[in-house]
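S.K.: Mind looking over this structure? Questions follow.
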Amino acid sequence: MRHPMLPGIVPAITPKHDNGKVIIAGPCSAESREQVLETACALKATGKVDLFRAGLWKPRTRPGGFEGCGNEGLKWLQEVKTTTGLKTATEVASATHVKEAADAGIDVIWLGARTTTNPFAVQEIADALSEMPDRFGILIKNPANPDLDLWIGAIQRIYNSGARHLSAIHRGFSVYGPSPYRNPPQWHIPIELHRRIPEIQLIFDPSHTGGKRELVGSLARESYELGFNGLIIESHCNPQHALSDSAQQITPAELEYLLDSLVFKPSGEPTTRMAELRSRIDCLDSQLLEIIAQRMQLTDEIGKLKMDNGIAVLQPQRYEALMETRVAEAESLGINRDFISSLLATLHEESVRRQLALHKTNPKTSETNGL
Ligand code: PEP
Ligand code: MN
């Protein structure tokens, strides 16, 4: 039998619904007593929420944004507990936050993506927890960058403090350049985390992954199909006027509608396997595209050399030799001969087109090539 990596781990929160999914919801930030209580009461009324979230100490990417209400919000969360009976959760980034959250009766704490990225901060939190290892349920978000070891390292540090009520949250990974998502999901990473630590509860955050409210529903559905154990969703009584993450928050009524629309598949084994395989294909395809882009850059460079030295674009011997060796290599890998020949011909055609376009801009070489 497999020896568990972190023996004794139990979920940070136990779901109260028959479908076994944990639902955490609440605003990105606690902004005022009224906003916190109005949102919490509306969420409680849905009957679908296990835990109320609200950030008090907000890590902002750039200075000047709303940095959270700070300690003042602790008493609003206490009031949420007494008026609605909902358990409460907030983000901690230091030992001081841990102590203040403990004194204020917060039930669950989470480590944000920027904190998980920093082993010094994680260790400081772990040291504070070692004085009260059973005090909280603890949620550990993935680090901002796609580094599974860093994520596992953070979980291990918190585990080593003696804490056992631990769950992990996938909130996507940061991206540079255009993307439909704020933090694109990389499903194969939480799936690999689950393979290494099967006992860990996996929660998905479609709000920070999508970054736009229109994407929250489809992402949440995808995570259910993958077999995630629950969701953390940002919900605000007045999202348009939220002081942080306004574009991704949904109202409690929208949340209720979304949760009702999620089709739950109790025995999702084949679907889970298929989603895992698709996620690996997505990864390979993006490597393939990267390689094709690199190949194009090289052929552009060759095109320039040909132009500067008055060499014709078409070099038939080179083409023949390339086809022969590549097709043989591909066949030895079990790839169909006709398929690879036409793929290579298409690639070559595109390289020639780009090189010709380059030569056309230079009248001197157009003559040499007889164009
Ligand atoms: C949050 O949950 O409000 C938050 C700041 O999330 P993340 O750490 O995933 O960016
Ligand atoms: Mn947020």
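Lettering and numbering for the structure tokens are positional, with chains as A, B, ... in the shown order, residues counted from 1 in each chain, and ligands counted from 1 in the shown order.
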Among range 141-270 of chain A, which residues carry a DSSP assignment of strand (DSSP E), reported as a list in words?

M.R.: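 Residues meeting the strand (DSSP E) criterion: Lys141, Leu166, Ser167, Ala168, Ile169, His170, Gln201, Leu202, Ile203, Phe204, Gly230, Leu231, Ile232, Ile233 and Glu234 of chain A.
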
S.K.: Output all heavy atoms for every residue in the selection just made, as a short mmCIF file (atom, residue, chain, number, x, y, z; two decimals), in the first residue's frame.

M.R.:
```cif
data_model
loop_
_atom_site.label_atom_id
_atom_site.label_comp_id
_atom_site.auth_asym_id
_atom_site.auth_seq_id
_atom_site.Cartn_x
_atom_site.Cartn_y
_atom_site.Cartn_z
N LYS A 141 -3.59 28.36 -1.24
CA LYS A 141 -3.74 28.62 -2.68
C LYS A 141 -2.45 28.24 -3.41
O LYS A 141 -1.36 28.29 -2.81
CB LYS A 141 -4.06 30.09 -2.91
CG LYS A 141 -5.47 30.47 -2.50
CD LYS A 141 -5.87 31.77 -3.14
CE LYS A 141 -7.35 32.02 -2.98
NZ LYS A 141 -7.84 33.08 -3.87
N LEU A 166 -6.21 20.72 6.40
CA LEU A 166 -5.59 21.43 5.29
C LEU A 166 -6.26 21.10 3.96
O LEU A 166 -6.52 19.93 3.67
CB LEU A 166 -4.11 21.02 5.16
CG LEU A 166 -3.21 21.18 6.38
CD1 LEU A 166 -1.82 20.64 6.08
CD2 LEU A 166 -3.14 22.63 6.77
N SER A 167 -6.53 22.14 3.18
CA SER A 167 -7.05 21.93 1.82
C SER A 167 -6.27 22.82 0.86
O SER A 167 -5.62 23.78 1.30
CB SER A 167 -8.54 22.29 1.74
OG SER A 167 -9.27 21.48 2.63
N ALA A 168 -6.36 22.49 -0.43
CA ALA A 168 -5.61 23.26 -1.43
C ALA A 168 -6.59 23.95 -2.38
O ALA A 168 -7.66 23.41 -2.67
CB ALA A 168 -4.69 22.33 -2.21
N ILE A 169 -6.21 25.15 -2.82
CA ILE A 169 -7.07 25.89 -3.78
C ILE A 169 -6.29 26.14 -5.06
O ILE A 169 -5.18 26.69 -5.02
CB ILE A 169 -7.50 27.26 -3.21
CG1 ILE A 169 -8.31 27.10 -1.93
CG2 ILE A 169 -8.31 28.04 -4.26
CD1 ILE A 169 -8.73 28.43 -1.28
N HIS A 170 -6.91 25.75 -6.19
CA HIS A 170 -6.33 26.14 -7.49
C HIS A 170 -7.00 27.43 -7.93
O HIS A 170 -8.22 27.47 -8.04
CB HIS A 170 -6.54 25.03 -8.52
CG HIS A 170 -5.94 25.34 -9.86
ND1 HIS A 170 -4.71 25.95 -9.99
CD2 HIS A 170 -6.40 25.16 -11.14
CE1 HIS A 170 -4.43 26.12 -11.27
NE2 HIS A 170 -5.44 25.66 -11.98
N GLN A 201 -8.08 17.77 0.10
CA GLN A 201 -9.29 18.28 -0.54
C GLN A 201 -8.89 19.39 -1.52
O GLN A 201 -8.11 20.27 -1.17
CB GLN A 201 -10.17 18.87 0.57
CG GLN A 201 -11.53 19.35 0.15
CD GLN A 201 -12.25 20.02 1.33
OE1 GLN A 201 -11.67 20.83 2.05
NE2 GLN A 201 -13.52 19.68 1.53
N LEU A 202 -9.42 19.31 -2.75
CA LEU A 202 -9.05 20.29 -3.79
C LEU A 202 -10.23 21.21 -4.08
O LEU A 202 -11.30 20.75 -4.48
CB LEU A 202 -8.73 19.56 -5.10
CG LEU A 202 -7.32 19.13 -5.41
CD1 LEU A 202 -7.25 18.62 -6.85
CD2 LEU A 202 -6.30 20.24 -5.22
N ILE A 203 -10.00 22.50 -3.88
CA ILE A 203 -11.05 23.49 -4.09
C ILE A 203 -10.63 24.37 -5.27
O ILE A 203 -9.43 24.63 -5.46
CB ILE A 203 -11.25 24.31 -2.80
CG1 ILE A 203 -11.83 23.38 -1.72
CG2 ILE A 203 -12.17 25.51 -3.01
CD1 ILE A 203 -11.81 23.93 -0.35
N PHE A 204 -11.60 24.81 -6.05
CA PHE A 204 -11.27 25.63 -7.22
C PHE A 204 -11.81 27.05 -7.05
O PHE A 204 -12.92 27.23 -6.54
CB PHE A 204 -11.83 24.98 -8.49
CG PHE A 204 -11.54 25.78 -9.72
CD1 PHE A 204 -10.22 26.07 -10.08
CD2 PHE A 204 -12.57 26.28 -10.50
CE1 PHE A 204 -9.95 26.84 -11.21
CE2 PHE A 204 -12.30 27.04 -11.64
CZ PHE A 204 -10.98 27.32 -11.99
N GLY A 230 -14.79 21.28 -4.35
CA GLY A 230 -15.59 22.45 -3.97
C GLY A 230 -15.12 23.69 -4.67
O GLY A 230 -14.20 23.67 -5.50
N LEU A 231 -15.78 24.81 -4.32
CA LEU A 231 -15.51 26.09 -5.00
C LEU A 231 -15.36 27.21 -3.98
O LEU A 231 -16.02 27.20 -2.93
CB LEU A 231 -16.70 26.44 -5.89
CG LEU A 231 -16.98 25.51 -7.07
CD1 LEU A 231 -18.38 25.79 -7.63
CD2 LEU A 231 -15.94 25.70 -8.17
N ILE A 232 -14.50 28.18 -4.30
CA ILE A 232 -14.47 29.44 -3.55
C ILE A 232 -14.79 30.52 -4.58
O ILE A 232 -14.08 30.65 -5.59
CB ILE A 232 -13.12 29.66 -2.81
CG1 ILE A 232 -13.09 31.04 -2.13
CG2 ILE A 232 -11.91 29.47 -3.69
CD1 ILE A 232 -11.96 31.19 -1.08
N ILE A 233 -15.89 31.23 -4.37
CA ILE A 233 -16.38 32.18 -5.37
C ILE A 233 -16.58 33.54 -4.72
O ILE A 233 -17.18 33.65 -3.64
CB ILE A 233 -17.69 31.68 -6.01
CG1 ILE A 233 -17.45 30.35 -6.73
CG2 ILE A 233 -18.27 32.72 -6.97
CD1 ILE A 233 -18.63 29.80 -7.49
N GLU A 234 -16.09 34.60 -5.39
CA GLU A 234 -16.28 35.94 -4.84
C GLU A 234 -17.69 36.43 -5.14
O GLU A 234 -18.12 36.45 -6.30
CB GLU A 234 -15.23 36.89 -5.42
CG GLU A 234 -13.87 36.63 -4.80
CD GLU A 234 -12.83 37.69 -5.12
OE1 GLU A 234 -13.00 38.42 -6.12
OE2 GLU A 234 -11.85 37.77 -4.39
#
```

S.K.: Could you list, as a PyMOL selection string, all residues that come within 8 Å of ligand 2? Count only C-alpha atoms and all ligand atoms.

M.R.: chain A and resi 27-29+55+207-208+234+244-245

S.K.: Those same residues - N, CA and C atoms - I'd like them written as a PDB file, in the first residue's frame.

M.R.:
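Okay, out.pdb is ready:
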```
ATOM      1  N   PRO A  27     -17.349  38.394  -0.337  1.00  0.00           N
ATOM      2  CA  PRO A  27     -16.698  39.418  -1.160  1.00  0.00           C
ATOM      3  C   PRO A  27     -15.188  39.266  -1.191  1.00  0.00           C
ATOM      4  N   CYS A  28     -14.592  39.841  -2.226  1.00  0.00           N
ATOM      5  CA  CYS A  28     -13.129  39.874  -2.288  1.00  0.00           C
ATOM      6  C   CYS A  28     -12.631  40.533  -1.000  1.00  0.00           C
ATOM      7  N   SER A  29     -13.149  41.737  -0.723  1.00  0.00           N
ATOM      8  CA  SER A  29     -12.719  42.465   0.483  1.00  0.00           C
ATOM      9  C   SER A  29     -13.914  42.842   1.348  1.00  0.00           C
ATOM     10  N   GLY A  55     -11.735  39.249   2.507  1.00  0.00           N
ATOM     11  CA  GLY A  55     -10.342  39.640   2.741  1.00  0.00           C
ATOM     12  C   GLY A  55     -10.287  40.921   3.565  1.00  0.00           C
ATOM     13  N   SER A 207     -13.154  32.633  -9.662  1.00  0.00           N
ATOM     14  CA  SER A 207     -13.186  34.103  -9.690  1.00  0.00           C
ATOM     15  C   SER A 207     -11.819  34.664 -10.064  1.00  0.00           C
ATOM     16  N   HIS A 208     -10.765  34.235  -9.325  1.00  0.00           N
ATOM     17  CA  HIS A 208      -9.433  34.757  -9.640  1.00  0.00           C
ATOM     18  C   HIS A 208      -8.854  34.113 -10.896  1.00  0.00           C
ATOM     19  N   GLU A 234     -16.086  34.595  -5.390  1.00  0.00           N
ATOM     20  CA  GLU A 234     -16.278  35.938  -4.840  1.00  0.00           C
ATOM     21  C   GLU A 234     -17.691  36.426  -5.143  1.00  0.00           C
ATOM     22  N   SER A 244     -12.512  46.172  -4.730  1.00  0.00           N
ATOM     23  CA  SER A 244     -11.437  45.363  -5.333  1.00  0.00           C
ATOM     24  C   SER A 244     -12.107  44.260  -6.153  1.00  0.00           C
ATOM     25  N   ASP A 245     -11.448  43.841  -7.216  1.00  0.00           N
ATOM     26  CA  ASP A 245     -11.910  42.746  -8.084  1.00  0.00           C
ATOM     27  C   ASP A 245     -13.384  42.879  -8.491  1.00  0.00           C
TER      28      ASP A 245
END
```

S.K.: For range 4-53 of chain A versus range 71-88 of chain A, which residues have an atom no more than 7 Å away, and what is each residue's nearest atom pair and distance in Å rounded to one decimal, using only C-alpha atoms, chain-then-number order, as a tab-separated table?

M.R.:
```
residue	atom	partner	partner_atom	distance
A:Ala30	CA	A:Gly73	CA	6.4
A:Arg33	CA	A:Trp76	CA	5.6
A:Val36	CA	A:Trp76	CA	6.9
A:Leu37	CA	A:Val80	CA	6.1
A:Ala40	CA	A:Val80	CA	6.5
A:Cys41	CA	A:Thr84	CA	6.4
A:Lys44	CA	A:Thr84	CA	6.5
A:Asp50	CA	A:Leu86	CA	6.9
A:Leu51	CA	A:Lys87	CA	5.0
A:Phe52	CA	A:Thr88	CA	4.8
A:Arg53	CA	A:Thr88	CA	5.9
```

S.K.: List every residue of range 89-292 of chain A that DSSP, applied to the backbone of this structure, assigns to helix (DSSP H, G or I), and report them as JSON, numbers by chain.

M.R.: {"A": [95, 96, 97, 98, 99, 100, 101, 102, 103, 113, 114, 115, 116, 119, 120, 121, 122, 123, 124, 125, 126, 127, 128, 129, 148, 149, 150, 151, 152, 153, 154, 155, 156, 157, 158, 159, 160, 188, 189, 190, 191, 192, 193, 194, 195, 196, 206, 207, 208, 209, 210, 213, 214, 215, 216, 217, 218, 219, 220, 221, 222, 223, 224, 225, 226, 239, 240, 241, 246, 247, 248, 252, 253, 254, 255, 256, 257, 258, 259, 260, 261, 269, 270, 271, 272, 273, 274, 275, 276, 277, 278, 279, 280, 281, 282, 283, 284, 285, 286, 287, 288, 289, 290, 291, 292]}

S.K.: Name the residues in contact with Ser279 in chain A at a cut-off of 10 Å, using only C-alpha atoms, excluding same-chain residues fewer than 3 positions from it; report them as a VMD selection string.

M.R.: chain A and resid 185 to 189 191 273 to 276 282 to 285

S.K.: Using N, CA and C atoms, can you write the selected residues to a file as an mmCIF file, in the first residue's frame?

M.R.:
```cif
data_model
loop_
_atom_site.group_PDB
_atom_site.id
_atom_site.type_symbol
_atom_site.label_atom_id
_atom_site.label_comp_id
_atom_site.auth_asym_id
_atom_site.auth_seq_id
_atom_site.Cartn_x
_atom_site.Cartn_y
_atom_site.Cartn_z
ATOM 1 N N PRO A 185 -6.115 28.568 -15.933
ATOM 2 C CA PRO A 185 -5.979 27.329 -15.162
ATOM 3 C C PRO A 185 -4.947 26.442 -15.833
ATOM 4 N N GLN A 186 -4.222 25.691 -15.045
ATOM 5 C CA GLN A 186 -3.354 24.637 -15.612
ATOM 6 C C GLN A 186 -3.730 23.391 -14.840
ATOM 7 N N TRP A 187 -4.784 22.739 -15.347
ATOM 8 C CA TRP A 187 -5.411 21.654 -14.586
ATOM 9 C C TRP A 187 -4.447 20.533 -14.242
ATOM 10 N N HIS A 188 -3.456 20.293 -15.117
ATOM 11 C CA HIS A 188 -2.586 19.139 -14.847
ATOM 12 C C HIS A 188 -1.786 19.344 -13.554
ATOM 13 N N ILE A 189 -1.630 20.618 -13.112
ATOM 14 C CA ILE A 189 -0.835 20.845 -11.884
ATOM 15 C C ILE A 189 -1.622 20.443 -10.622
ATOM 16 N N ILE A 191 -4.025 18.392 -10.610
ATOM 17 C CA ILE A 191 -4.251 16.941 -10.757
ATOM 18 C C ILE A 191 -3.010 16.179 -10.276
ATOM 19 N N ARG A 273 -10.693 11.191 -16.015
ATOM 20 C CA ARG A 273 -9.547 10.695 -16.789
ATOM 21 C C ARG A 273 -9.453 11.438 -18.129
ATOM 22 N N MET A 274 -10.615 11.649 -18.764
ATOM 23 C CA MET A 274 -10.623 12.309 -20.057
ATOM 24 C C MET A 274 -10.136 13.751 -19.902
ATOM 25 N N ALA A 275 -10.604 14.433 -18.852
ATOM 26 C CA ALA A 275 -10.201 15.829 -18.643
ATOM 27 C C ALA A 275 -8.702 15.892 -18.379
ATOM 28 N N GLU A 276 -8.188 14.890 -17.667
ATOM 29 C CA GLU A 276 -6.756 14.872 -17.370
ATOM 30 C C GLU A 276 -5.961 14.729 -18.684
ATOM 31 N N ASP A 282 -3.493 19.775 -24.114
ATOM 32 C CA ASP A 282 -3.413 21.246 -24.179
ATOM 33 C C ASP A 282 -1.972 21.690 -23.978
ATOM 34 N N CYS A 283 -1.337 21.028 -23.011
ATOM 35 C CA CYS A 283 0.028 21.387 -22.664
ATOM 36 C C CYS A 283 0.981 21.080 -23.844
ATOM 37 N N LEU A 284 0.824 19.865 -24.416
ATOM 38 C CA LEU A 284 1.680 19.484 -25.554
ATOM 39 C C LEU A 284 1.444 20.408 -26.743
ATOM 40 N N ASP A 285 0.169 20.752 -26.993
ATOM 41 C CA ASP A 285 -0.126 21.631 -28.134
ATOM 42 C C ASP A 285 0.537 22.979 -27.941
#
```

S.K.: So how far away is CA of Ala93 in chain A from CA of Thr115 in chain A, in Å?

M.R.: 6.1 Å

S.K.: With distances taken over only C-alpha atoms and all ligand atoms, which residue among A:Ile109, A:Leu289, A:Ala345, A:Ile125 lies nearest ligand 1?

M.R.: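 Ranking A:Ile109, A:Leu289, A:Ala345, A:Ile125 by distance to ligand 1, first place goes to A:Ile109.
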
S.K.: Tell me which protein, DNA and RNA residues are within 8 Å of Gly153 in chain A, counting only C-alpha atoms, leaving out same-chain ones fewer than 4 positions away, and put them as a tab-separated table (two decimals) with C-alpha atoms, in the first residue's frame.

M.R.:
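So result_5.tsv came out as:
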```
chain	number	residue	atom	x	y	z
A	119	PRO	CA	8.70	30.41	1.71
A	149	ASP	CA	7.11	21.99	-5.73
A	157	ARG	CA	5.57	23.80	5.99
```
